[in-house]
>>> print(open('final_10.cif').read())   # mmCIF, C-alpha atoms
data_work
#
loop_
_atom_site.group_PDB
_atom_site.id
_atom_site.type_symbol
_atom_site.label_atom_id
_atom_site.label_comp_id
_atom_site.auth_asym_id
_atom_site.auth_seq_id
_atom_site.Cartn_x
_atom_site.Cartn_y
_atom_site.Cartn_z
ATOM 1 C CA MET A 184 -92.057 56.845 -170.681
ATOM 2 C CA ASP A 185 -95.762 56.043 -170.347
ATOM 3 C CA ILE A 186 -96.886 57.833 -167.176
ATOM 4 C CA SER A 187 -95.619 60.907 -165.320
ATOM 5 C CA ILE A 188 -97.227 61.557 -161.926
ATOM 6 C CA VAL A 189 -97.058 64.966 -160.243
ATOM 7 C CA ILE A 190 -97.953 65.654 -156.608
ATOM 8 C CA VAL A 191 -97.703 69.211 -155.271
ATOM 9 C CA SER A 192 -97.189 69.301 -151.515
ATOM 10 C CA TYR A 193 -97.674 72.190 -149.117
ATOM 11 C CA HIS A 194 -97.209 71.010 -145.533
ATOM 12 C CA SER A 195 -98.804 67.723 -146.613
ATOM 13 C CA GLN A 196 -97.110 65.337 -144.212
ATOM 14 C CA PRO A 197 -97.954 62.651 -143.255
ATOM 15 C CA ILE A 198 -100.868 62.208 -145.654
ATOM 16 C CA ILE A 199 -98.670 62.411 -148.762
ATOM 17 C CA TYR A 200 -97.017 59.170 -147.672
ATOM 18 C CA HIS A 201 -100.368 57.364 -147.913
ATOM 19 C CA CYS A 202 -100.673 58.714 -151.445
ATOM 20 C CA LEU A 203 -97.240 57.365 -152.371
ATOM 21 C CA GLU A 204 -97.970 54.028 -150.714
ATOM 22 C CA SER A 205 -101.055 53.633 -152.894
ATOM 23 C CA LEU A 206 -98.888 54.194 -155.962
ATOM 24 C CA GLN A 207 -96.493 51.500 -154.752
ATOM 25 C CA GLN A 208 -99.431 49.084 -154.673
ATOM 26 C CA THR A 209 -100.607 50.069 -158.152
ATOM 27 C CA THR A 210 -100.815 47.405 -160.847
ATOM 28 C CA TRP A 211 -98.466 48.877 -163.437
ATOM 29 C CA HIS A 212 -98.211 45.860 -165.772
ATOM 30 C CA ASP A 213 -95.446 46.851 -168.199
ATOM 31 C CA LEU A 214 -95.974 50.618 -167.973
ATOM 32 C CA GLU A 215 -92.936 52.820 -167.423
ATOM 33 C CA TYR A 216 -93.599 55.619 -164.964
ATOM 34 C CA GLU A 217 -91.983 58.432 -163.014
ATOM 35 C CA ILE A 218 -93.154 60.337 -159.933
ATOM 36 C CA PHE A 219 -92.490 63.993 -159.125
ATOM 37 C CA VAL A 220 -93.141 65.611 -155.749
ATOM 38 C CA VAL A 221 -93.051 69.406 -155.792
ATOM 39 C CA ASP A 222 -92.547 70.739 -152.273
ATOM 40 C CA ASN A 223 -93.985 74.256 -152.170
ATOM 41 C CA ALA A 224 -93.062 74.549 -148.481
ATOM 42 C CA ARG A 225 -89.419 73.416 -148.737
ATOM 43 C CA GLU A 226 -89.771 70.975 -145.856
ATOM 44 C CA THR A 227 -86.439 69.382 -144.989
ATOM 45 C CA ASP A 228 -88.070 66.390 -143.311
ATOM 46 C CA LEU A 229 -90.181 65.696 -146.408
ATOM 47 C CA ALA A 230 -87.056 65.664 -148.560
ATOM 48 C CA GLN A 231 -85.378 63.317 -146.092
ATOM 49 C CA GLY A 232 -88.413 61.042 -145.872
ATOM 50 C CA LEU A 233 -88.651 60.705 -149.632
ATOM 51 C CA ALA A 234 -84.926 60.027 -149.958
ATOM 52 C CA ALA A 235 -85.141 57.309 -147.315
ATOM 53 C CA HIS A 236 -88.314 55.520 -148.394
ATOM 54 C CA TRP A 237 -89.025 56.603 -151.979
ATOM 55 C CA PRO A 238 -85.621 57.223 -153.584
ATOM 56 C CA GLU A 239 -87.142 56.815 -157.045
ATOM 57 C CA VAL A 240 -89.264 59.953 -156.574
ATOM 58 C CA HIS A 241 -88.018 63.138 -158.247
ATOM 59 C CA TYR A 242 -88.095 65.735 -155.465
ATOM 60 C CA ILE A 243 -88.388 69.404 -156.468
ATOM 61 C CA SER A 244 -87.955 72.022 -153.750
ATOM 62 C CA SER A 245 -89.837 75.245 -154.379
ATOM 63 C CA SER A 246 -91.107 78.323 -152.618
ATOM 64 C CA ASN A 247 -94.876 78.741 -152.324
ATOM 65 C CA ILE A 248 -95.443 79.626 -155.976
ATOM 66 C CA GLY A 249 -99.017 78.332 -156.036
ATOM 67 C CA TYR A 250 -100.638 75.066 -157.052
ATOM 68 C CA ALA A 251 -100.785 75.695 -160.802
ATOM 69 C CA ALA A 252 -97.191 76.907 -161.037
ATOM 70 C CA GLY A 253 -96.009 74.049 -158.838
ATOM 71 C CA ASN A 254 -97.555 71.506 -161.184
ATOM 72 C CA ASN A 255 -96.056 73.230 -164.211
ATOM 73 C CA LEU A 256 -92.615 73.110 -162.613
ATOM 74 C CA ALA A 257 -92.713 69.312 -162.733
ATOM 75 C CA LEU A 258 -94.714 68.940 -165.942
ATOM 76 C CA ARG A 259 -92.052 70.781 -167.922
ATOM 77 C CA GLN A 260 -89.626 68.050 -166.855
ATOM 78 C CA ALA A 261 -92.052 65.166 -167.390
ATOM 79 C CA SER A 262 -91.461 62.738 -170.235
ATOM 80 C CA GLY A 263 -94.578 60.561 -170.056
ATOM 81 C CA LYS A 264 -97.160 60.181 -172.798
ATOM 82 C CA TYR A 265 -99.783 60.766 -170.100
ATOM 83 C CA TRP A 266 -99.581 62.999 -167.037
ATOM 84 C CA VAL A 267 -101.355 62.318 -163.756
ATOM 85 C CA ILE A 268 -102.065 65.219 -161.407
ATOM 86 C CA MET A 269 -102.712 63.992 -157.856
ATOM 87 C CA ASN A 270 -103.412 65.863 -154.665
ATOM 88 C CA PRO A 271 -101.376 64.583 -151.702
ATOM 89 C CA ASP A 272 -104.651 63.746 -149.925
ATOM 90 C CA THR A 273 -105.671 61.199 -152.567
ATOM 91 C CA ALA A 274 -105.033 57.462 -152.834
ATOM 92 C CA VAL A 275 -105.589 55.217 -155.841
ATOM 93 C CA GLU A 276 -106.926 51.701 -156.076
ATOM 94 C CA PRO A 277 -104.454 49.290 -157.743
ATOM 95 C CA ASN A 278 -106.262 49.245 -161.113
ATOM 96 C CA VAL A 279 -106.959 52.966 -161.567
ATOM 97 C CA ILE A 280 -103.872 53.997 -163.556
ATOM 98 C CA TRP A 281 -104.027 50.949 -165.828
ATOM 99 C CA GLU A 282 -107.741 51.381 -166.557
ATOM 100 C CA LEU A 283 -107.407 55.077 -167.370
ATOM 101 C CA TYR A 284 -104.329 54.443 -169.513
ATOM 102 C CA ASN A 285 -106.221 51.904 -171.620
ATOM 103 C CA PHE A 286 -109.210 54.219 -171.890
ATOM 104 C CA MET A 287 -107.057 57.073 -173.190
ATOM 105 C CA GLU A 288 -105.284 54.769 -175.629
ATOM 106 C CA SER A 289 -108.683 53.821 -177.063
ATOM 107 C CA HIS A 290 -110.040 57.397 -177.236
ATOM 108 C CA PRO A 291 -107.524 59.645 -179.016
ATOM 109 C CA ARG A 292 -109.715 62.784 -178.872
ATOM 110 C CA VAL A 293 -109.960 62.738 -175.092
ATOM 111 C CA GLY A 294 -107.582 65.265 -173.566
ATOM 112 C CA MET A 295 -108.384 64.652 -169.922
ATOM 113 C CA VAL A 296 -110.267 62.072 -167.869
ATOM 114 C CA GLY A 297 -111.135 61.816 -164.187
ATOM 115 C CA PRO A 298 -112.405 58.913 -162.047
ATOM 116 C CA SER A 299 -115.124 58.945 -159.429
ATOM 117 C CA GLN A 300 -114.002 60.096 -155.979
ATOM 118 C CA TYR A 301 -115.012 58.955 -152.511
ATOM 119 C CA ASN A 302 -114.643 60.258 -148.973
ATOM 120 C CA PRO A 303 -112.939 58.125 -146.303
ATOM 121 C CA ASP A 304 -116.392 57.197 -144.940
ATOM 122 C CA GLY A 305 -117.349 55.731 -148.323
ATOM 123 C CA SER A 306 -119.689 58.531 -149.390
ATOM 124 C CA LYS A 307 -119.366 59.800 -152.939
ATOM 125 C CA GLN A 308 -117.895 63.221 -153.684
ATOM 126 C CA ASP A 309 -118.970 65.603 -156.399
ATOM 127 C CA SER A 310 -116.062 65.662 -158.850
ATOM 128 C CA CYS A 311 -117.543 66.704 -162.212
ATOM 129 C CA TYR A 312 -119.636 69.726 -163.073
ATOM 130 C CA ARG A 313 -121.223 72.110 -165.550
ATOM 131 C CA TRP A 314 -119.789 75.589 -165.976
ATOM 132 C CA HIS A 315 -120.360 78.144 -163.228
ATOM 133 C CA ARG A 316 -122.912 80.853 -163.736
ATOM 134 C CA LEU A 317 -122.343 84.231 -162.113
ATOM 135 C CA TYR A 318 -124.363 83.370 -159.021
ATOM 136 C CA THR A 319 -123.410 79.677 -158.673
ATOM 137 C CA PRO A 320 -120.749 80.183 -155.954
ATOM 138 C CA PHE A 321 -123.226 82.134 -153.824
ATOM 139 C CA CYS A 322 -125.823 79.371 -154.149
ATOM 140 C CA ARG A 323 -123.226 76.855 -152.984
ATOM 141 C CA ARG A 324 -122.074 78.868 -149.984
ATOM 142 C CA SER A 325 -125.175 80.521 -148.595
ATOM 143 C CA PRO A 326 -127.627 78.330 -146.632
ATOM 144 C CA ARG A 327 -130.184 81.121 -146.922
ATOM 145 C CA LEU A 328 -129.979 81.269 -150.698
ATOM 146 C CA ALA A 329 -130.053 77.481 -150.903
ATOM 147 C CA LYS A 330 -133.585 77.528 -149.482
ATOM 148 C CA PHE A 331 -134.937 79.204 -152.622
ATOM 149 C CA SER A 332 -136.196 76.970 -155.412
ATOM 150 C CA TRP A 333 -134.230 78.857 -158.087
ATOM 151 C CA ALA A 334 -130.977 78.295 -156.134
ATOM 152 C CA GLN A 335 -131.757 74.614 -155.705
ATOM 153 C CA LYS A 336 -132.429 74.359 -159.434
ATOM 154 C CA GLU A 337 -129.099 76.049 -160.176
ATOM 155 C CA LEU A 338 -127.201 73.658 -157.919
ATOM 156 C CA ARG A 339 -128.866 70.659 -159.554
ATOM 157 C CA ARG A 340 -127.763 72.001 -162.938
ATOM 158 C CA PHE A 341 -124.211 72.675 -161.733
ATOM 159 C CA LEU A 342 -123.836 69.268 -160.050
ATOM 160 C CA LEU A 343 -125.211 67.368 -163.074
ATOM 161 C CA ALA A 344 -128.256 66.031 -161.239
ATOM 162 C CA ASP A 345 -129.960 65.390 -164.588
ATOM 163 C CA ALA A 346 -127.011 63.478 -166.095
ATOM 164 C CA ASP A 347 -126.370 59.742 -165.913
ATOM 165 C CA LEU A 348 -123.125 59.668 -163.933
ATOM 166 C CA SER A 349 -123.138 55.900 -163.591
ATOM 167 C CA GLN A 350 -121.583 55.708 -167.054
ATOM 168 C CA CYS A 351 -118.656 57.351 -168.810
ATOM 169 C CA CYS A 352 -119.718 60.746 -170.158
ATOM 170 C CA PRO A 353 -118.430 64.169 -171.254
ATOM 171 C CA VAL A 354 -118.516 66.870 -168.581
ATOM 172 C CA ASP A 355 -117.694 70.560 -168.611
ATOM 173 C CA TRP A 356 -114.976 70.322 -165.981
ATOM 174 C CA LEU A 357 -113.351 67.919 -163.555
ATOM 175 C CA LEU A 358 -112.203 68.370 -159.979
ATOM 176 C CA GLY A 359 -108.434 68.789 -160.048
ATOM 177 C CA SER A 360 -107.609 66.465 -157.152
ATOM 178 C CA PHE A 361 -106.968 63.690 -159.693
ATOM 179 C CA LEU A 362 -106.594 64.283 -163.419
ATOM 180 C CA PHE A 363 -105.304 61.874 -166.065
ATOM 181 C CA ILE A 364 -104.100 64.085 -168.925
ATOM 182 C CA ARG A 365 -102.819 63.483 -172.438
ATOM 183 C CA ALA A 366 -99.435 65.216 -172.542
ATOM 184 C CA ALA A 367 -99.860 66.312 -176.172
ATOM 185 C CA ALA A 368 -103.145 68.019 -175.291
ATOM 186 C CA MET A 369 -101.658 69.728 -172.244
ATOM 187 C CA ARG A 370 -98.757 71.085 -174.267
ATOM 188 C CA GLN A 371 -101.170 72.400 -176.885
ATOM 189 C CA VAL A 372 -103.315 74.280 -174.371
ATOM 190 C CA GLY A 373 -100.265 75.728 -172.618
ATOM 191 C CA TYR A 374 -100.167 73.969 -169.234
ATOM 192 C CA PHE A 375 -101.912 75.322 -166.126
ATOM 193 C CA ASP A 376 -102.592 79.051 -166.062
ATOM 194 C CA GLU A 377 -100.271 80.222 -163.282
ATOM 195 C CA ARG A 378 -102.391 83.273 -162.523
ATOM 196 C CA TYR A 379 -104.514 80.945 -160.396
ATOM 197 C CA ARG A 380 -102.559 80.429 -157.179
ATOM 198 C CA LEU A 381 -105.279 78.245 -155.717
ATOM 199 C CA TYR A 382 -108.695 77.151 -157.053
ATOM 200 C CA PHE A 383 -110.219 77.410 -160.548
ATOM 201 C CA ASP A 384 -107.048 76.089 -162.199
ATOM 202 C CA ASP A 385 -108.933 72.839 -162.876
ATOM 203 C CA THR A 386 -111.967 74.663 -164.282
ATOM 204 C CA ASP A 387 -109.728 76.790 -166.475
ATOM 205 C CA LEU A 388 -107.774 73.777 -167.746
ATOM 206 C CA SER A 389 -110.991 71.955 -168.649
ATOM 207 C CA ARG A 390 -112.159 75.049 -170.487
ATOM 208 C CA GLN A 391 -108.876 75.202 -172.395
ATOM 209 C CA MET A 392 -109.229 71.550 -173.370
ATOM 210 C CA TRP A 393 -112.692 72.039 -174.830
ATOM 211 C CA HIS A 394 -111.600 75.300 -176.479
ATOM 212 C CA HIS A 395 -108.827 73.454 -178.337
ATOM 213 C CA GLY A 396 -111.054 70.569 -179.422
ATOM 214 C CA TRP A 397 -110.176 68.029 -176.712
ATOM 215 C CA GLN A 398 -112.839 66.147 -174.772
ATOM 216 C CA VAL A 399 -113.060 66.147 -170.972
ATOM 217 C CA ILE A 400 -114.481 62.865 -169.690
ATOM 218 C CA TYR A 401 -115.786 61.542 -166.388
ATOM 219 C CA TYR A 402 -114.961 57.838 -165.972
ATOM 220 C CA PRO A 403 -116.827 56.346 -162.980
ATOM 221 C CA GLU A 404 -115.739 52.751 -163.568
ATOM 222 C CA VAL A 405 -112.687 53.346 -161.377
ATOM 223 C CA ALA A 406 -112.458 55.354 -158.167
ATOM 224 C CA ILE A 407 -109.996 57.070 -155.875
ATOM 225 C CA LEU A 408 -110.094 58.024 -152.220
ATOM 226 C CA HIS A 409 -109.996 61.771 -151.577
ATOM 227 C CA ASN A 410 -109.587 62.931 -147.992
ATOM 228 C CA HIS A 411 -110.987 66.317 -148.933
ATOM 229 C CA GLN A 412 -110.789 69.231 -146.492
ATOM 230 C CA ARG A 413 -111.074 72.458 -148.437
ATOM 231 C CA ALA A 414 -110.276 75.346 -146.143
ATOM 232 C CA SER A 415 -112.390 77.921 -147.946
ATOM 233 C CA ALA A 416 -115.466 75.694 -147.910
ATOM 234 C CA GLN A 417 -115.564 75.725 -144.123
ATOM 235 C CA LEU A 418 -116.516 79.401 -144.019
ATOM 236 C CA PRO A 419 -119.872 81.073 -144.756
ATOM 237 C CA TRP A 420 -119.742 83.408 -147.735
ATOM 238 C CA TYR A 421 -119.720 86.609 -145.650
ATOM 239 C CA ARG A 422 -116.572 85.491 -143.756
ATOM 240 C CA ILE A 423 -114.626 84.212 -146.717
ATOM 241 C CA PHE A 424 -112.229 87.174 -146.744
ATOM 242 C CA ASN A 425 -111.157 86.327 -143.190
ATOM 243 C CA SER A 426 -109.000 83.437 -144.428
ATOM 244 C CA TRP A 427 -106.134 83.316 -146.912
ATOM 245 C CA ALA A 428 -107.658 80.331 -148.716
ATOM 246 C CA GLY A 429 -111.015 82.082 -148.915
ATOM 247 C CA ARG A 430 -109.462 85.192 -150.412
ATOM 248 C CA GLN A 431 -107.595 83.095 -152.969
ATOM 249 C CA HIS A 432 -110.862 81.419 -153.940
ATOM 250 C CA VAL A 433 -112.516 84.775 -154.582
ATOM 251 C CA PHE A 434 -109.504 86.192 -156.442
ATOM 252 C CA SER A 435 -109.337 83.114 -158.672
ATOM 253 C CA TRP A 436 -113.081 83.365 -159.348
ATOM 254 C CA PHE A 437 -112.632 86.960 -160.518
ATOM 255 C CA LYS A 438 -109.670 85.985 -162.719
ATOM 256 C CA TYR A 439 -111.742 83.201 -164.243
ATOM 257 C CA LEU A 440 -114.678 85.546 -164.889
ATOM 258 C CA ILE A 441 -112.428 88.095 -166.574
ATOM 259 C CA LYS A 442 -110.902 85.408 -168.776
ATOM 260 C CA TRP A 443 -113.985 83.357 -169.699
ATOM 261 C CA GLY A 444 -117.067 85.182 -168.469
ATOM 262 C CA PRO A 445 -119.921 83.442 -166.616
ATOM 263 C CA GLY A 446 -121.677 80.400 -168.023
ATOM 264 C CA GLY A 447 -120.828 79.036 -171.435
ATOM 265 C CA LYS A 448 -122.046 76.287 -173.736
ATOM 266 C CA SER A 449 -122.288 73.036 -171.810
ATOM 267 C CA HIS A 450 -120.755 69.859 -173.212
ATOM 268 C CA VAL A 451 -122.841 67.558 -171.012
ATOM 269 C CA PRO A 452 -125.379 65.610 -173.077
ATOM 270 C CA ARG A 453 -128.557 64.680 -171.250
ATOM 271 C CA GLY A 454 -129.043 60.942 -171.103
ATOM 272 C CA LYS A 455 -126.110 60.183 -173.399
ATOM 273 C CA ASN A 456 -122.695 58.671 -172.806
ATOM 274 C CA ILE A 457 -119.455 58.357 -174.757
#
>>> encode(input="final_10.cif", output="structure tokens")
Amino acid sequence: MDISIVIVSYHSQPIIYHCLESLQQTTWHDLEYEIFVVDNARETDLAQGLAAHWPEVHYISSSNIGYAAGNNLALRQASGKYWVIMNPDTAVEPNVIWELYNFMESHPRVGMVGPSQYNPDGSKQDSCYRWHRLYTPFCRRSPRLAKFSWAQKELRRFLLADADLSQCCPVDWLLGSFLFIRAAAMRQVGYFDERYRLYFDDTDLSRQMWHHGWQVIYYPEVAILHNHQRASAQLPWYRIFNSWAGRQHVFSWFKYLIKWGPGGKSHVPRGKNI
């Protein structure tokens, strides 16, 4: 098996069907692939819809065990040489899987690669970053802090404003909405850390990759659509504890800090590419 694709769903109808439709239109060439859908909400109509229209999909019914654990549930059954983690609100262009497969085949030290990502209106999303510093989340969330020059400088650092993102390059971490992962690397680092129920699982995985000697690469030559609506991002920082998603974001941030600490050596070269 060449490719194993995992999509974790939590009340993701009907948008997950657009995701699956994009995979049907993918140019697979001679690649063998399998698709897993992990249903963390145990929706009967999702199971029925998949059985009726996508019988080839491996459906896994689960309780709400969290995003990281949901992915691991499928990954431990996956047999592909490469694993693709997709959010249900993403859609791929026909050439994305093939291009990333060939890139990974040609770069054996790359553990994980991610494409560029775009909003439905065609605007580009931030999807690769430097490591967080202790105050980075506050700079991102507080309009008042963002007015200060030091906060603006921090956000430019975090969002790689000084890097050439028009070309393939190493980055500290990739947004987890779409990840193309070498299975051997993922097994070595120990899968997703299931202590993160939501958020920071992608940052942690990237950190694990670098820690074990694998490169994390941003590959802008192909792109995906990401209909991104992060619940916690819709709240100002002082109201974040009012929502479940906001609380999970904070809890995951604390878990990440305890595990890795703030900051860290960046792997982003200035003005260089792979």
>>> closest_atom_pairs(input="final_10.cif", of="region 279-352 of chain A", to="region 193-217 of chain A", cutoff="8 Å", atoms="only C-alpha atoms", output="CSV")
residue,atom,partner,partner_atom,distance
A:Val279,CA,A:Thr209,CA,7.8
A:Ile280,CA,A:Thr209,CA,7.4
A:Trp281,CA,A:Trp211,CA,6.4
>>> write_last_selection(input="final_10.cif", atoms="C-alpha atoms", output="mmCIF file, keeping the file's coordinate frame")
data_model
loop_
_atom_site.group_PDB
_atom_site.id
_atom_site.type_symbol
_atom_site.label_atom_id
_atom_site.label_comp_id
_atom_site.auth_asym_id
_atom_site.auth_seq_id
_atom_site.Cartn_x
_atom_site.Cartn_y
_atom_site.Cartn_z
ATOM 1 C CA VAL A 279 -106.959 52.966 -161.567
ATOM 2 C CA ILE A 280 -103.872 53.997 -163.556
ATOM 3 C CA TRP A 281 -104.027 50.949 -165.828
#
>>> residues_around(input="final_10.cif", residues="Trp436 (chain A)", least_positions_apart="5", cutoff="9 Å", atoms="all atoms listed in the file", output="ChimeraX atom specification")
/A:320,379,382-383,431,441
>>> resolve_selection(input="final_10.cif", expression="the PyMOL selection byres ((chain A and resi 442) around 12)", output="PDB file with C-alpha atoms, in the frame of the given file")
ATOM      1  CA  ASP A 376    -102.592  79.051-166.062  1.00  0.00           C
ATOM      2  CA  ARG A 378    -102.391  83.273-162.523  1.00  0.00           C
ATOM      3  CA  TYR A 379    -104.514  80.945-160.396  1.00  0.00           C
ATOM      4  CA  PHE A 383    -110.219  77.410-160.548  1.00  0.00           C
ATOM      5  CA  THR A 386    -111.967  74.663-164.282  1.00  0.00           C
ATOM      6  CA  ASP A 387    -109.728  76.790-166.475  1.00  0.00           C
ATOM      7  CA  ARG A 390    -112.159  75.049-170.487  1.00  0.00           C
ATOM      8  CA  GLN A 391    -108.876  75.202-172.395  1.00  0.00           C
ATOM      9  CA  SER A 435    -109.337  83.114-158.672  1.00  0.00           C
ATOM     10  CA  TRP A 436    -113.081  83.365-159.348  1.00  0.00           C
ATOM     11  CA  PHE A 437    -112.632  86.960-160.518  1.00  0.00           C
ATOM     12  CA  LYS A 438    -109.670  85.985-162.719  1.00  0.00           C
ATOM     13  CA  TYR A 439    -111.742  83.201-164.243  1.00  0.00           C
ATOM     14  CA  LEU A 440    -114.678  85.546-164.889  1.00  0.00           C
ATOM     15  CA  ILE A 441    -112.428  88.095-166.574  1.00  0.00           C
ATOM     16  CA  TRP A 443    -113.985  83.357-169.699  1.00  0.00           C
ATOM     17  CA  GLY A 444    -117.067  85.182-168.469  1.00  0.00           C
ATOM     18  CA  PRO A 445    -119.921  83.442-166.616  1.00  0.00           C
ATOM     19  CA  GLY A 446    -121.677  80.400-168.023  1.00  0.00           C
TER      20      GLY A 446
END
>>> closest_residue(input="final_10.cif", among="A:Ala367, A:Leu342, A:Ile407, A:Ile243", to="Gln260 (chain A)", atoms="all atoms listed in the file")
A:Ile243
>>> atom_distance(input="final_10.cif", atom1="CA of Arg365 (chain A)", atom2="CA of Leu258 (chain A)")
11.7 Å
>>> closest_residue(input="final_10.cif", among="A:Pro353, A:Asp309, A:Tyr318, A:Asp347", to="Trp333 (chain A)", atoms="all atoms listed in the file")
A:Tyr318
>>> residues_around(input="final_10.cif", residues="Tyr301 (chain A)", least_positions_apart="6", cutoff="7 Å", atoms="all atoms listed in the file", output="list of chain:residue names")
A:Lys307, A:Gln308, A:Ile407, A:Leu408, A:His409
>>> resolve_selection(input="final_10.cif", expression="the PyMOL selection byres ((chain A and resi 225) around 9)", output="list in words")
Tyr193, His194, Val221, Asp222, Asn223, Ala224, Glu226, Thr227, Asp228, Leu229, Ala230, Ile243, Ser244, Ser245, Ser246 and Asn247 of chain A
>>> atom_distance(input="final_10.cif", atom1="CA of Ala368 (chain A)", atom2="CA of Pro271 (chain A)")
23.9 Å
>>> atom_distance(input="final_10.cif", atom1="CA of Val275 (chain A)", atom2="CA of Ile190 (chain A)")
13.0 Å
>>> resolve_selection(input="final_10.cif", expression="the PyMOL selection byres ((chain A and resi 188) around 7)", output="ChimeraX atom specification")
/A:186-187,189-190,217-219,266-268
>>> closest_residue(input="final_10.cif", among="A:Pro326, A:Gly263, A:Pro298, A:Pro238", to="Phe361 (chain A)", atoms="only C-alpha atoms")
A:Pro298
>>> closest_residue(input="final_10.cif", among="A:Asn254, A:Arg340, A:Trp397, A:Asp272", to="Arg313 (chain A)", atoms="all atoms listed in the file")
A:Arg340
>>> residues_around(input="final_10.cif", residues="Glu337 (chain A)", least_positions_apart="2", cutoff="12 Å", atoms="all atoms listed in the file", output="PyMOL selection string")
chain A and resi 312-323+328-335+339-345+446
>>> write_last_selection(input="final_10.cif", atoms="C-alpha atoms", output="compact mmCIF listing (two decimals), keeping the file's coordinate frame")
# COMPACT_ATOMS: atom_id res chain seq x y z
CA TYR A 312 -119.64 69.73 -163.07
CA ARG A 313 -121.22 72.11 -165.55
CA TRP A 314 -119.79 75.59 -165.98
CA HIS A 315 -120.36 78.14 -163.23
CA ARG A 316 -122.91 80.85 -163.74
CA LEU A 317 -122.34 84.23 -162.11
CA TYR A 318 -124.36 83.37 -159.02
CA THR A 319 -123.41 79.68 -158.67
CA PRO A 320 -120.75 80.18 -155.95
CA PHE A 321 -123.23 82.13 -153.82
CA CYS A 322 -125.82 79.37 -154.15
CA ARG A 323 -123.23 76.86 -152.98
CA LEU A 328 -129.98 81.27 -150.70
CA ALA A 329 -130.05 77.48 -150.90
CA LYS A 330 -133.58 77.53 -149.48
CA PHE A 331 -134.94 79.20 -152.62
CA SER A 332 -136.20 76.97 -155.41
CA TRP A 333 -134.23 78.86 -158.09
CA ALA A 334 -130.98 78.30 -156.13
CA GLN A 335 -131.76 74.61 -155.71
CA ARG A 339 -128.87 70.66 -159.55
CA ARG A 340 -127.76 72.00 -162.94
CA PHE A 341 -124.21 72.68 -161.73
CA LEU A 342 -123.84 69.27 -160.05
CA LEU A 343 -125.21 67.37 -163.07
CA ALA A 344 -128.26 66.03 -161.24
CA ASP A 345 -129.96 65.39 -164.59
CA GLY A 446 -121.68 80.40 -168.02
>>> closest_residue(input="final_10.cif", among="A:Asn410, A:Leu381, A:Tyr374, A:Glu404", to="Arg259 (chain A)", atoms="all atoms listed in the file")
A:Tyr374
>>> residues_near_point(input="final_10.cif", point="(-107.5, 70.9, -172.6)", cutoff="12 Å", atoms="all atoms listed in the file", output="ChimeraX atom specification")
/A:292-296,355-357,362-376,384-400
>>> closest_residue(input="final_10.cif", among="A:Val433, A:Ala274, A:Val220, A:Val451", to="Cys351 (chain A)", atoms="all atoms listed in the file")
A:Val451
>>> axis_aligned_box(input="final_10.cif", around="region 289-300 of chain A", padding_each_side="3 Å", output="AutoDock Vina command-line options")
--center_x -111.3 --center_y 59.5 --center_z -167.5 --size_x 13.6 --size_y 17.4 --size_z 29.0
>>> residues_around(input="final_10.cif", residues="Tyr402 (chain A)", least_positions_apart="3", cutoff="10 Å", atoms="all atoms listed in the file", output="list in words")
Glu282, Leu283, Phe286, Val296, Gly297, Pro298, Ser299, Cys311, Leu348, Ser349, Gln350, Cys351, Cys352, Pro353, Val399, Val405, Ala406 and Ile457 of chain A
